[in-house]
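Printed here is protein-v6.txt (compact mmCIF, C-alpha atoms):
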```
# COMPACT_ATOMS: atom_id res chain seq x y z
CA MET A 219 157.87 111.15 47.19
CA GLN A 220 159.73 107.87 47.10
CA ASP A 221 159.70 105.71 50.23
CA ASP A 222 163.34 104.67 50.01
CA ASP A 223 163.57 103.31 53.55
CA HIS A 224 160.25 101.40 53.50
CA THR A 225 158.96 103.39 56.49
CA ALA A 226 155.30 102.68 55.78
CA THR A 227 155.83 98.94 55.72
CA ARG A 228 157.97 98.98 58.84
CA LEU A 229 155.39 101.01 60.75
CA ILE A 230 152.64 98.56 59.83
CA HIS A 231 154.73 95.45 60.49
CA HIS A 232 156.69 96.75 63.47
CA PRO A 233 158.35 93.98 65.49
CA TYR A 234 157.90 95.50 68.95
CA THR A 235 155.43 93.83 71.33
CA ALA A 236 154.74 95.38 74.72
CA PRO A 237 155.46 93.26 77.83
CA ALA A 238 152.52 91.06 78.77
CA ASP A 239 152.64 91.56 82.55
CA PHE A 240 150.71 94.86 82.66
CA GLU A 241 147.68 94.93 84.94
CA SER A 242 145.41 97.74 86.14
CA PRO A 243 141.82 98.17 87.38
CA VAL A 244 140.62 98.85 83.83
CA VAL A 245 140.00 96.02 81.36
CA PRO A 246 142.03 96.73 78.18
CA VAL A 247 139.95 97.61 75.13
CA ALA A 248 140.60 95.23 72.26
CA LYS A 249 139.28 96.52 68.95
CA ALA A 250 139.18 94.32 65.88
CA SER A 251 137.41 93.34 62.76
CA THR A 252 140.32 91.26 61.45
CA VAL A 253 141.89 88.79 63.88
CA TYR A 254 145.29 87.30 63.00
CA PHE A 255 145.94 83.55 62.89
CA PRO A 256 149.45 82.20 63.38
CA ASN A 257 149.02 79.55 60.68
CA MET A 258 146.44 77.83 58.48
CA ALA A 259 145.84 75.08 60.99
CA ALA A 260 144.72 77.68 63.53
CA LEU A 261 142.52 79.42 60.97
CA ARG A 262 140.74 76.16 60.26
CA ALA A 263 140.56 74.87 63.84
CA ARG A 264 139.69 77.84 66.02
CA ARG A 265 136.22 77.74 67.58
CA TRP A 266 134.53 80.92 68.79
CA VAL A 267 131.12 79.61 69.94
CA ASP A 268 132.55 78.34 73.24
CA LYS A 269 134.79 81.42 73.58
CA SER A 270 137.94 79.31 73.56
CA ALA A 271 139.56 81.38 70.78
CA TYR A 272 139.22 84.41 68.52
CA THR A 273 138.28 84.34 64.84
CA TYR A 274 136.70 87.67 63.85
CA GLY A 275 135.63 90.85 65.58
CA LEU A 276 131.91 90.02 65.46
CA HIS A 277 132.59 86.73 67.23
CA GLY A 278 134.32 88.30 70.21
CA THR A 279 137.44 89.92 71.57
CA PRO A 280 139.11 89.72 75.00
CA THR A 281 137.06 92.78 75.99
CA THR A 282 133.66 91.37 75.00
CA TYR A 283 134.47 87.94 76.43
CA THR A 284 135.34 89.61 79.74
CA LEU A 285 132.08 91.53 79.89
CA GLU A 286 130.10 88.41 78.98
CA ALA A 287 131.82 86.44 81.75
CA ARG A 288 131.11 89.12 84.34
CA LEU A 289 127.50 89.41 83.22
CA ALA A 290 127.13 85.64 83.53
CA THR A 291 128.10 86.06 87.19
CA LEU A 292 125.61 88.90 87.61
CA GLU A 293 122.82 86.90 85.94
CA HIS A 294 123.62 83.58 87.71
CA ALA A 295 124.11 82.09 84.23
CA ARG A 296 126.77 80.08 82.40
CA HIS A 297 126.62 81.76 78.99
CA VAL A 298 126.02 85.34 77.84
CA LEU A 299 125.83 86.93 74.40
CA LEU A 300 125.99 90.69 73.83
CA ALA A 301 123.57 92.48 71.51
CA PRO A 302 123.45 96.08 70.24
CA SER A 303 120.43 96.96 72.44
CA GLY A 304 117.98 95.44 74.86
CA LEU A 305 115.41 95.16 72.08
CA SER A 306 117.87 93.41 69.78
CA ALA A 307 118.46 90.87 72.58
CA VAL A 308 114.68 90.25 72.64
CA THR A 309 114.46 89.87 68.87
CA LEU A 310 117.51 87.60 68.80
CA VAL A 311 115.71 85.20 71.14
CA ASP A 312 112.58 85.23 68.98
CA MET A 313 114.48 84.64 65.75
CA ALA A 314 116.67 81.89 67.21
CA LEU A 315 113.88 79.91 68.83
CA LEU A 316 110.80 80.37 66.60
CA GLY A 317 109.90 79.18 63.13
CA GLN A 318 106.96 79.21 60.73
CA GLY A 319 103.86 77.71 62.35
CA ASP A 320 105.08 78.31 65.90
CA THR A 321 103.36 80.49 68.51
CA VAL A 322 104.91 82.79 71.10
CA LEU A 323 103.00 83.85 74.21
CA LEU A 324 103.56 87.20 75.93
CA PRO A 325 102.18 88.74 79.12
CA ASP A 326 99.83 91.56 78.21
CA ASN A 327 101.98 93.99 80.22
CA VAL A 328 105.17 93.06 78.37
CA TYR A 329 107.65 95.71 77.17
CA TRP A 330 105.64 96.98 74.23
CA PRO A 331 108.35 96.74 71.49
CA ASN A 332 108.48 93.00 72.22
CA LYS A 333 104.76 92.77 71.48
CA ASP A 334 105.16 95.06 68.47
CA PHE A 335 107.87 92.81 67.02
CA SER A 336 105.54 89.83 67.36
CA ARG A 337 102.62 91.71 65.87
CA HIS A 338 104.52 92.83 62.77
CA GLU A 339 107.80 91.04 62.00
CA LEU A 340 106.98 87.60 63.41
CA ALA A 341 103.51 87.68 61.85
CA ARG A 342 105.07 88.26 58.41
CA TRP A 343 107.16 85.13 58.91
CA GLY A 344 104.19 82.93 59.79
CA ILE A 345 104.75 82.99 63.54
CA ALA A 346 101.66 83.60 65.66
CA HIS A 347 101.50 85.35 69.02
CA ASP A 348 98.96 85.67 71.80
CA VAL A 349 98.83 87.42 75.16
CA TYR A 350 97.89 86.21 78.62
CA ASP A 351 97.01 87.88 81.89
CA PRO A 352 100.26 87.72 83.90
CA LEU A 353 98.38 87.74 87.21
CA ASP A 354 96.18 84.77 86.27
CA VAL A 355 98.05 81.51 85.69
CA ALA A 356 94.88 79.90 84.35
CA THR A 357 94.78 82.27 81.36
CA LEU A 358 98.28 81.12 80.43
CA ALA A 359 97.36 77.45 80.82
CA ALA A 360 94.42 77.90 78.45
CA LYS A 361 96.74 79.14 75.68
CA LEU A 362 99.47 76.50 75.93
CA THR A 363 98.85 74.61 72.70
CA PRO A 364 101.38 72.26 71.05
CA GLU A 365 102.33 75.12 68.71
CA VAL A 366 103.67 77.26 71.56
CA LYS A 367 107.46 77.14 71.43
CA LEU A 368 108.34 80.22 73.49
CA VAL A 369 106.74 81.91 76.51
CA TRP A 370 107.88 85.34 77.62
CA LEU A 371 107.74 86.45 81.26
CA GLU A 372 108.24 89.95 82.61
CA ALA A 373 108.60 90.90 86.25
CA PRO A 374 107.24 93.35 87.04
CA GLY A 375 105.07 94.42 84.13
CA SER A 376 106.23 97.29 81.98
CA VAL A 377 104.91 100.64 83.30
CA SER A 378 102.06 99.22 85.43
CA MET A 379 104.46 97.25 87.66
CA GLU A 380 102.29 94.17 88.38
CA PHE A 381 104.47 91.39 89.78
CA PRO A 382 103.40 87.95 88.49
CA ASP A 383 103.52 84.56 90.15
CA LEU A 384 106.71 83.62 88.33
CA GLU A 385 106.97 80.20 89.89
CA GLY A 386 103.34 79.43 89.12
CA LEU A 387 103.73 80.54 85.51
CA ILE A 388 106.91 78.49 85.05
CA ARG A 389 105.32 75.37 86.56
CA CYS A 390 102.32 75.86 84.32
CA VAL A 391 104.46 75.92 81.17
CA ARG A 392 106.51 72.92 82.26
CA ALA A 393 103.34 70.93 82.95
CA HIS A 394 101.26 71.87 79.90
CA ALA A 395 103.82 72.74 77.21
CA PRO A 396 107.10 70.89 77.83
CA GLN A 397 108.17 71.72 74.28
CA ALA A 398 108.21 75.46 75.06
CA LEU A 399 111.19 77.44 76.28
CA ILE A 400 110.72 80.19 78.87
CA ALA A 401 112.38 83.60 78.51
CA LEU A 402 112.35 86.35 81.12
CA ASP A 403 113.04 90.03 80.54
CA ASN A 404 115.26 90.50 83.60
CA THR A 405 116.10 94.18 83.07
CA TRP A 406 114.19 95.30 86.18
CA GLY A 407 115.70 92.59 88.37
CA ALA A 408 119.15 93.21 86.86
CA GLY A 409 120.45 89.97 88.37
CA LEU A 410 120.22 91.61 91.80
CA ALA A 411 116.57 91.33 92.87
CA PHE A 412 116.30 87.53 92.45
CA ASN A 413 117.86 84.61 90.61
CA PRO A 414 115.52 83.68 87.74
CA PHE A 415 117.37 80.44 87.05
CA ALA A 416 116.84 79.10 90.58
CA MET A 417 113.90 80.64 92.40
CA PRO A 418 112.86 79.71 95.96
CA GLN A 419 110.75 76.68 95.04
CA GLY A 420 113.35 75.17 92.74
CA VAL A 421 112.02 76.34 89.39
CA GLY A 422 113.74 78.55 86.85
CA VAL A 423 113.57 80.01 83.38
CA ASP A 424 115.56 78.82 80.36
CA LEU A 425 117.03 82.19 79.46
CA THR A 426 116.97 85.87 80.31
CA VAL A 427 117.41 89.06 78.37
CA HIS A 428 118.80 92.20 79.96
CA ALA A 429 118.87 95.74 78.63
CA LEU A 430 122.38 96.68 79.70
CA THR A 431 121.39 100.17 78.62
CA LYS A 432 119.76 100.47 82.05
CA TYR A 433 121.46 99.57 85.36
CA PRO A 434 124.70 97.93 84.14
CA SER A 435 125.52 101.00 82.05
CA GLY A 436 124.10 103.46 84.56
CA GLY A 437 124.95 106.55 82.53
CA GLY A 438 122.15 106.87 80.00
CA ASP A 439 124.75 106.90 77.22
CA VAL A 440 125.12 103.27 76.08
CA LEU A 441 122.83 101.00 74.07
CA MET A 442 123.46 97.31 74.68
CA GLY A 443 121.65 94.11 75.60
CA SER A 444 122.47 90.58 76.63
CA VAL A 445 121.01 87.08 76.47
CA ALA A 446 121.95 84.68 79.27
CA CYS A 447 121.34 80.96 79.76
CA LEU A 448 122.66 77.88 81.52
CA ASP A 449 122.26 75.19 78.87
CA ASP A 450 125.18 74.62 76.47
CA ALA A 451 123.01 73.52 73.54
CA LEU A 452 120.65 76.48 73.95
CA HIS A 453 123.62 78.85 74.04
CA GLU A 454 124.99 77.37 70.83
CA ARG A 455 121.61 77.73 69.13
CA LEU A 456 121.46 81.38 70.16
CA ALA A 457 125.10 82.00 69.26
CA TRP A 458 124.75 80.78 65.68
CA THR A 459 121.70 82.97 65.09
CA HIS A 460 123.62 85.84 66.68
CA SER A 461 126.43 85.20 64.19
CA ARG A 462 124.15 84.90 61.16
CA LEU A 463 122.46 88.18 62.04
CA GLY A 464 125.83 89.89 62.24
CA LEU A 465 125.15 91.32 65.69
CA GLY A 466 128.04 93.21 67.21
CA VAL A 467 128.76 95.80 69.89
CA GLY A 468 131.31 98.59 69.92
CA ALA A 469 134.44 98.08 72.02
CA ASN A 470 134.12 101.50 73.63
CA ASP A 471 130.54 100.76 74.67
CA VAL A 472 131.73 97.49 76.19
CA GLU A 473 134.42 99.45 78.03
CA ALA A 474 131.76 101.82 79.42
CA VAL A 475 129.66 98.95 80.78
CA LEU A 476 132.73 97.23 82.23
CA ARG A 477 133.67 100.45 83.99
CA ALA A 478 130.17 100.87 85.45
CA LEU A 479 129.55 97.24 86.41
CA PRO A 480 131.48 97.23 89.72
CA THR A 481 129.07 99.86 91.10
CA VAL A 482 125.84 98.39 89.75
CA ALA A 483 124.79 96.87 93.08
CA LEU A 484 125.47 100.11 94.98
CA ARG A 485 123.48 102.16 92.48
CA TYR A 486 120.66 99.63 92.20
CA HIS A 487 120.08 99.43 95.94
CA ALA A 488 120.38 103.21 96.38
CA GLN A 489 117.76 103.80 93.69
CA ASP A 490 115.60 101.04 95.17
CA ALA A 491 115.68 102.72 98.60
CA ALA A 492 114.85 106.12 97.14
CA ALA A 493 111.98 104.72 95.05
CA ARG A 494 110.44 103.04 98.10
CA GLN A 495 110.63 106.29 100.06
CA ILE A 496 108.98 108.22 97.24
CA ALA A 497 106.34 105.51 96.79
CA VAL A 498 105.30 105.69 100.46
CA TRP A 499 105.21 109.49 100.33
CA ALA A 500 103.18 109.61 97.10
CA GLN A 501 100.44 107.39 98.56
CA GLN A 502 99.39 110.30 100.77
CA HIS A 503 98.83 112.85 98.01
CA ALA A 504 95.26 113.63 96.97
CA ALA A 505 96.13 113.72 93.26
CA VAL A 506 97.34 110.11 93.34
CA ARG A 507 94.73 107.36 93.13
CA ARG A 508 97.26 104.57 93.64
CA VAL A 509 101.01 104.01 93.68
CA LEU A 510 102.16 100.97 91.72
CA HIS A 511 105.34 99.56 93.24
CA PRO A 512 105.83 95.85 94.02
CA ALA A 513 107.02 96.48 97.58
CA LEU A 514 103.77 98.24 98.54
CA PRO A 515 101.23 95.84 100.09
CA ASP A 516 98.35 97.01 97.88
CA SER A 517 100.29 96.97 94.62
CA PRO A 518 99.22 94.16 92.24
CA GLY A 519 101.27 91.04 92.83
CA HIS A 520 102.94 92.27 96.01
CA ALA A 521 102.76 88.82 97.63
CA HIS A 522 104.56 87.27 94.65
CA TRP A 523 107.27 89.94 94.83
CA ALA A 524 107.70 89.37 98.56
CA ALA A 525 108.05 85.61 98.04
CA THR A 526 110.58 85.97 95.22
CA CYS A 527 112.64 89.14 95.63
CA HIS A 528 114.88 90.90 98.08
CA ALA A 529 115.08 94.17 96.11
CA ALA A 530 112.79 96.30 93.95
CA ALA A 531 114.81 98.52 91.57
CA GLY A 532 114.20 102.25 91.17
CA LEU A 533 110.87 102.39 89.34
CA LEU A 534 107.39 103.31 90.47
CA THR A 535 104.22 104.41 88.72
CA LEU A 536 101.66 106.94 89.89
CA GLU A 537 98.08 106.26 88.87
CA ILE A 538 96.78 109.81 88.76
CA ASP A 539 93.21 110.42 89.92
CA PRO A 540 90.96 110.11 86.83
CA ARG A 541 89.42 113.54 87.45
CA PHE A 542 92.59 115.02 85.95
CA SER A 543 92.76 115.10 82.15
CA ALA A 544 95.64 113.75 80.12
CA ALA A 545 96.57 117.32 79.19
CA ALA A 546 96.71 118.31 82.86
CA VAL A 547 98.94 115.34 83.64
CA ASP A 548 101.22 116.28 80.74
CA ALA A 549 101.50 119.76 82.24
CA PHE A 550 102.39 118.25 85.62
CA VAL A 551 105.21 116.24 84.05
CA GLU A 552 106.47 119.19 82.03
CA GLN A 553 106.85 121.46 85.04
CA LEU A 554 108.94 119.05 87.10
CA GLU A 555 112.43 120.41 87.74
CA TYR A 556 114.53 117.36 88.50
CA PHE A 557 112.56 114.73 86.57
CA ARG A 558 113.41 114.96 82.89
CA ILE A 559 111.12 113.65 80.14
CA GLY A 560 112.70 110.70 78.38
CA TRP A 561 112.65 106.97 77.74
CA SER A 562 114.77 104.40 79.54
CA TRP A 563 115.89 104.25 83.18
CA GLY A 564 118.72 103.17 85.41
CA GLY A 565 120.83 106.31 85.03
CA ALA A 566 121.73 109.09 87.43
CA VAL A 567 118.98 111.43 86.20
CA SER A 568 115.37 110.85 87.26
CA LEU A 569 112.79 110.55 84.47
CA ALA A 570 109.00 110.90 84.23
CA VAL A 571 106.74 109.78 81.36
CA PRO A 572 102.91 109.61 81.24
CA TYR A 573 101.11 106.62 79.69
CA GLN A 574 97.57 105.60 78.83
CA ALA A 575 97.48 102.03 80.12
CA GLN A 576 94.72 100.73 77.89
CA ALA A 577 96.50 101.96 74.75
CA MET A 578 99.37 99.56 75.49
CA ARG A 579 97.23 96.51 76.27
CA GLN A 580 94.89 94.07 74.58
CA LEU A 581 93.11 92.86 77.72
CA PRO A 582 90.85 95.15 79.79
CA GLN A 583 92.79 97.20 82.31
CA PRO A 584 91.81 98.25 85.86
CA TYR A 585 93.61 101.60 85.69
CA ALA A 586 91.23 104.53 85.63
CA GLY A 587 93.65 107.44 85.38
CA VAL A 588 96.77 108.34 83.46
CA LEU A 589 99.85 106.44 84.61
CA VAL A 590 103.05 108.39 85.22
CA ARG A 591 106.11 106.18 85.44
CA LEU A 592 108.92 107.60 87.55
CA CYS A 593 112.45 106.35 87.08
CA ILE A 594 114.43 107.36 90.15
CA GLY A 595 118.00 108.49 89.62
CA LEU A 596 120.71 109.38 92.10
CA GLU A 597 119.58 112.84 93.16
CA ASN A 598 118.85 113.63 96.80
CA VAL A 599 115.56 111.88 97.54
CA ASN A 600 114.19 114.85 99.50
CA ASP A 601 114.77 117.09 96.48
CA LEU A 602 112.82 114.64 94.31
CA ILE A 603 109.94 114.48 96.81
CA ALA A 604 109.81 118.28 97.01
CA ASP A 605 109.77 118.49 93.20
CA LEU A 606 106.92 115.99 92.93
CA GLY A 607 105.05 117.71 95.74
CA ARG A 608 105.16 121.08 93.99
CA GLY A 609 103.97 119.50 90.75
CA LEU A 610 101.15 117.47 92.30
CA ASP A 611 100.01 120.46 94.38
CA ALA A 612 99.82 122.54 91.22
CA LEU A 613 97.92 119.75 89.47
CA THR A 614 95.39 119.64 92.32
CA ALA A 615 95.06 123.41 92.44
CA GLY A 616 94.77 123.81 88.70
```
Structure re-expressed in structure tokens:
Amino acid sequence: MQDDDHTATRLIHHPYTAPADFESPVVPVAKASTVYFPNMAALRARRWVDKSAYTYGLHGTPTTYTLEARLATLEHARHVLLAPSGLSAVTLVDMALLGQGDTVLLPDNVYWPNKDFSRHELARWGIAHDVYDPLDVATLAAKLTPEVKLVWLEAPGSVSMEFPDLEGLIRCVRAHAPQALIALDNTWGAGLAFNPFAMPQGVGVDLTVHALTKYPSGGGDVLMGSVACLDDALHERLAWTHSRLGLGVGANDVEAVLRALPTVALRYHAQDAAARQIAVWAQQHAAVRRVLHPALPDSPGHAHWAATCHAAAGLLTLEIDPRFSAAAVDAFVEQLEYFRIGWSWGGAVSLAVPYQAQAMRQLPQPYAGVLVRLCIGLENVNDLIADLGRGLDALTAG
């Protein structure tokens, strides 16, 4: 059929532009791979690294720039880059800041995919890694050789929830390895528990990563991460590696995080309060050897948490009495009604996952029983306590 009136062309090149003075509570979703330039001078002059203009979808849109700016406020940072997941934010940092012959140091209780990336991918590229005891600053000092270019911190430790002396660790790196940059996985703190760039004694990290999958998203349905920093030159270094790797995030995922972000503080503090209540309750149960939660006085690193933080997220870990087998603990987790079995945290649904601590670590561990990490959602806290009580009673009786 002949297109006598050129309808197809007119639909594609339609002259109408909507009025620009529309405003609502929702950030408009800008989707693009191609970005138009008004002329050749603009094509050649536009600069995306400082977010002053648009050049291509991977380099940013009004929607991604808006989320990055709001996350910079949340993180107490100046610059933020978005990544497709929390793990990709971690690996972006490693690839941007490390080269052949360098060494990266990680706390032994680090998020295990970070360690796994070092053990496999970085090792293939001639980059060494080592681990230190996060609760012993001296073990870090002993490993700070001239080859160390990046030191990872995590607060608290993944699963086992030890809270390190962040200020002591940072001072140690600054004193013994001034050539090294310091990165913190700030997913637990979420920008709300403490400011990692300016802690009480005037020290701070160089950059943070944040799994936006967790609290900023809040729905268990988005994968995204971020890298935040203060320094302009460091941001540019990260941004160019980000560009070369072709990292991008979907506009609808950005929309979901933007929609959830205004309630992140409300949700975070509600889950924090519920987790503390459950932690205190769980200490009394005979099946529980110890409750690992930074706000509890006998949890490892409690004094460091108290000196640094004013919140504690919605995570706690039960160290189950070692008289119960791993199979029995699995059965306990499987029979819980409101706690679902699944990775991640920060959403509305509570989660429970058992771990063998020593299997995740290289250094000797003090945990005698199976660890069960609980990620507290937004259910009624009394319902969660009743659910755990039934399960732990059955474990004890079984």
- Mind checking which residues fall within 9 Å of range 269-274 of chain A, counting all atoms listed in the file, ignoring those fewer than 4 positions away in the same chain, and posting them as a list in words?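 Selected residues are Ala250, Ser251, Thr252, Val253, Tyr254, Phe255, Leu261, Arg264, Arg265, Gly278, Thr279, Pro280 and Tyr283 of chain A.
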- May I ask which of the residues A:Ala411, A:Leu510, A:Leu276, A:Leu476 is the closest one to Tyr585 in chain A, counting only C-alpha atoms?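 For Tyr585 in chain A, the nearest of the given residues is A:Leu510.
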- Near Leu606 in chain A, within 9 Å and counting only C-alpha atoms, which residues show up once chain neighbours fewer than 6 positions away are dropped, as an MDAnalysis selection string? chainID A and resid 500 550 554:557
Take the selection from the previous step and output its residues with C-alpha atoms, as a PDB file, keeping the file's coordinate frame.
```
ATOM      1  CA  ALA A 500     103.180 109.610  97.100  1.00  0.00           C
ATOM      2  CA  PHE A 550     102.390 118.250  85.620  1.00  0.00           C
ATOM      3  CA  LEU A 554     108.940 119.050  87.100  1.00  0.00           C
ATOM      4  CA  GLU A 555     112.430 120.410  87.740  1.00  0.00           C
ATOM      5  CA  TYR A 556     114.530 117.360  88.500  1.00  0.00           C
ATOM      6  CA  PHE A 557     112.560 114.730  86.570  1.00  0.00           C
TER       7      PHE A 557
END
```
Using only C-alpha atoms - which residues lie no farther than 10 Å from the point (133.0, 98.0, 85.1) in the file's frame? Write them as a PDB file with C-alpha atoms, in the frame of the given file.
```pdb
ATOM      1  CA  PRO A 243     141.820  98.170  87.380  1.00  0.00           C
ATOM      2  CA  VAL A 244     140.620  98.850  83.830  1.00  0.00           C
ATOM      3  CA  VAL A 245     140.000  96.020  81.360  1.00  0.00           C
ATOM      4  CA  LEU A 285     132.080  91.530  79.890  1.00  0.00           C
ATOM      5  CA  ARG A 288     131.110  89.120  84.340  1.00  0.00           C
ATOM      6  CA  PRO A 434     124.700  97.930  84.140  1.00  0.00           C
ATOM      7  CA  SER A 435     125.520 101.000  82.050  1.00  0.00           C
ATOM      8  CA  VAL A 472     131.730  97.490  76.190  1.00  0.00           C
ATOM      9  CA  GLU A 473     134.420  99.450  78.030  1.00  0.00           C
ATOM     10  CA  ALA A 474     131.760 101.820  79.420  1.00  0.00           C
ATOM     11  CA  VAL A 475     129.660  98.950  80.780  1.00  0.00           C
ATOM     12  CA  LEU A 476     132.730  97.230  82.230  1.00  0.00           C
ATOM     13  CA  ARG A 477     133.670 100.450  83.990  1.00  0.00           C
ATOM     14  CA  ALA A 478     130.170 100.870  85.450  1.00  0.00           C
ATOM     15  CA  LEU A 479     129.550  97.240  86.410  1.00  0.00           C
ATOM     16  CA  PRO A 480     131.480  97.230  89.720  1.00  0.00           C
ATOM     17  CA  THR A 481     129.070  99.860  91.100  1.00  0.00           C
ATOM     18  CA  VAL A 482     125.840  98.390  89.750  1.00  0.00           C
TER      19      VAL A 482
END
```
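Residue nearest Gln580 in chain A, chosen from A:Leu305, A:Pro325, A:Glu286, A:Tyr234 and counting only C-alpha atoms: A:Pro325.
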- Message: I need the residue nearest Asp548 in chain A from this list: A:Val349, A:Cys527, A:Met313, A:Val588. Use all atoms listed in the file for the distance.
- Response: A:Val588
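Interatomic distance, CA of Arg342 in chain A to CA of Leu402 in chain A: 23.9 Å.
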- Shortest interatomic distance to Tyr486 in chain A - which of A:Pro414, A:Gly375, A:Gly595, A:Pro246, counting all atoms listed in the file: A:Gly595
- Shell of 10 Å around Gly437 in chain A, only C-alpha atoms, local chain residues under 5 positions omitted, as a list in words: Thr431, Lys432, Ala474, Val475, Ala478, Trp563, Gly564, Gly565, Ala566 and Val567 of chain A
Write out, as a CSV table (one decimal), in the coordinates of the input, the residues just selected, with C-alpha atoms.
```csv
chain,number,residue,atom,x,y,z
A,431,THR,CA,121.4,100.2,78.6
A,432,LYS,CA,119.8,100.5,82.0
A,474,ALA,CA,131.8,101.8,79.4
A,475,VAL,CA,129.7,99.0,80.8
A,478,ALA,CA,130.2,100.9,85.4
A,563,TRP,CA,115.9,104.2,83.2
A,564,GLY,CA,118.7,103.2,85.4
A,565,GLY,CA,120.8,106.3,85.0
A,566,ALA,CA,121.7,109.1,87.4
A,567,VAL,CA,119.0,111.4,86.2
```
- Message: Can you measure CA of Val298 in chain A to CA of Ala314 in chain A for me? One decimal in Å is fine.
- Response: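 Spanning CA of Val298 in chain A to CA of Ala314 in chain A is a straight-line distance of 14.6 Å.
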- Query: In Å, how far is it from CA of Asp439 in chain A to CA of Val467 in chain A?
  - Reply: 13.9 Å
- Please identify all polymer residues within 6 Å of range 427-429 of chain A, counting all atoms listed in the file, omitting same-chain residues fewer than 6 positions from it, and present them as a ChimeraX atom specification. /A:304,403-405,443-445
Export of prior selection with C-alpha atoms as a short mmCIF file (atom, residue, chain, number, x, y, z; two decimals), in the frame of the given file:
```
data_model
loop_
_atom_site.label_atom_id
_atom_site.label_comp_id
_atom_site.auth_asym_id
_atom_site.auth_seq_id
_atom_site.Cartn_x
_atom_site.Cartn_y
_atom_site.Cartn_z
CA GLY A 304 117.98 95.44 74.86
CA ASP A 403 113.04 90.03 80.54
CA ASN A 404 115.26 90.50 83.60
CA THR A 405 116.10 94.18 83.07
CA GLY A 443 121.65 94.11 75.60
CA SER A 444 122.47 90.58 76.63
CA VAL A 445 121.01 87.08 76.47
#
```
Residue contacts of Val547 in chain A (8 Å, only C-alpha atoms) excluding same-chain residues fewer than 4 positions away, as a CSV table (one decimal) with C-alpha atoms, in the frame of the given file:
```
chain,number,residue,atom,x,y,z
A,538,ILE,CA,96.8,109.8,88.8
A,542,PHE,CA,92.6,115.0,86.0
A,543,SER,CA,92.8,115.1,82.2
A,551,VAL,CA,105.2,116.2,84.0
A,572,PRO,CA,102.9,109.6,81.2
A,588,VAL,CA,96.8,108.3,83.5
A,613,LEU,CA,97.9,119.8,89.5
```
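Among A:Cys447, A:Asp605, A:Ala577, A:Pro582, the residue with the shortest atom-to-atom distance to His294 in chain A, counting all atoms listed in the file, is A:Cys447.
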- Message: Given only C-alpha atoms as the basis, pick out the residue of A:Leu592, A:Val247, A:Ala530, A:Ala395 nearest to Gly560 in chain A.
- Response: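 Smallest distance to Gly560 in chain A is found for A:Leu592.
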Could you model N, CA and C atoms for range 541-552 of chain A and present them as a PDB file, in the coordinates of the input?
```
ATOM      1  N   ARG A 541      90.047 112.231  87.681  1.00  0.00           N
ATOM      2  CA  ARG A 541      89.420 113.540  87.450  1.00  0.00           C
ATOM      3  C   ARG A 541      90.345 114.506  86.722  1.00  0.00           C
ATOM      4  N   PHE A 542      91.629 114.157  86.640  1.00  0.00           N
ATOM      5  CA  PHE A 542      92.590 115.020  85.950  1.00  0.00           C
ATOM      6  C   PHE A 542      92.767 114.530  84.508  1.00  0.00           C
ATOM      7  N   SER A 543      92.664 115.443  83.567  1.00  0.00           N
ATOM      8  CA  SER A 543      92.760 115.100  82.150  1.00  0.00           C
ATOM      9  C   SER A 543      94.197 114.731  81.778  1.00  0.00           C
ATOM     10  N   ALA A 544      94.317 114.088  80.625  1.00  0.00           N
ATOM     11  CA  ALA A 544      95.640 113.750  80.120  1.00  0.00           C
ATOM     12  C   ALA A 544      96.472 115.001  79.889  1.00  0.00           C
ATOM     13  N   ALA A 545      95.844 116.062  79.420  1.00  0.00           N
ATOM     14  CA  ALA A 545      96.570 117.320  79.190  1.00  0.00           C
ATOM     15  C   ALA A 545      97.079 117.896  80.504  1.00  0.00           C
ATOM     16  N   ALA A 546      96.283 117.802  81.553  1.00  0.00           N
ATOM     17  CA  ALA A 546      96.710 118.310  82.860  1.00  0.00           C
ATOM     18  C   ALA A 546      97.877 117.493  83.399  1.00  0.00           C
ATOM     19  N   VAL A 547      97.842 116.181  83.183  1.00  0.00           N
ATOM     20  CA  VAL A 547      98.940 115.340  83.640  1.00  0.00           C
ATOM     21  C   VAL A 547     100.212 115.645  82.842  1.00  0.00           C
ATOM     22  N   ASP A 548     100.062 115.869  81.547  1.00  0.00           N
ATOM     23  CA  ASP A 548     101.220 116.280  80.740  1.00  0.00           C
ATOM     24  C   ASP A 548     101.843 117.549  81.313  1.00  0.00           C
ATOM     25  N   ALA A 549     100.998 118.506  81.676  1.00  0.00           N
ATOM     26  CA  ALA A 549     101.500 119.760  82.240  1.00  0.00           C
ATOM     27  C   ALA A 549     102.234 119.527  83.555  1.00  0.00           C
ATOM     28  N   PHE A 550     101.724 118.614  84.369  1.00  0.00           N
ATOM     29  CA  PHE A 550     102.390 118.250  85.620  1.00  0.00           C
ATOM     30  C   PHE A 550     103.792 117.722  85.345  1.00  0.00           C
ATOM     31  N   VAL A 551     103.908 116.820  84.377  1.00  0.00           N
ATOM     32  CA  VAL A 551     105.210 116.240  84.050  1.00  0.00           C
ATOM     33  C   VAL A 551     106.155 117.306  83.503  1.00  0.00           C
ATOM     34  N   GLU A 552     105.635 118.177  82.677  1.00  0.00           N
ATOM     35  CA  GLU A 552     106.470 119.190  82.030  1.00  0.00           C
ATOM     36  C   GLU A 552     107.045 120.204  83.013  1.00  0.00           C
TER      37      GLU A 552
END
```
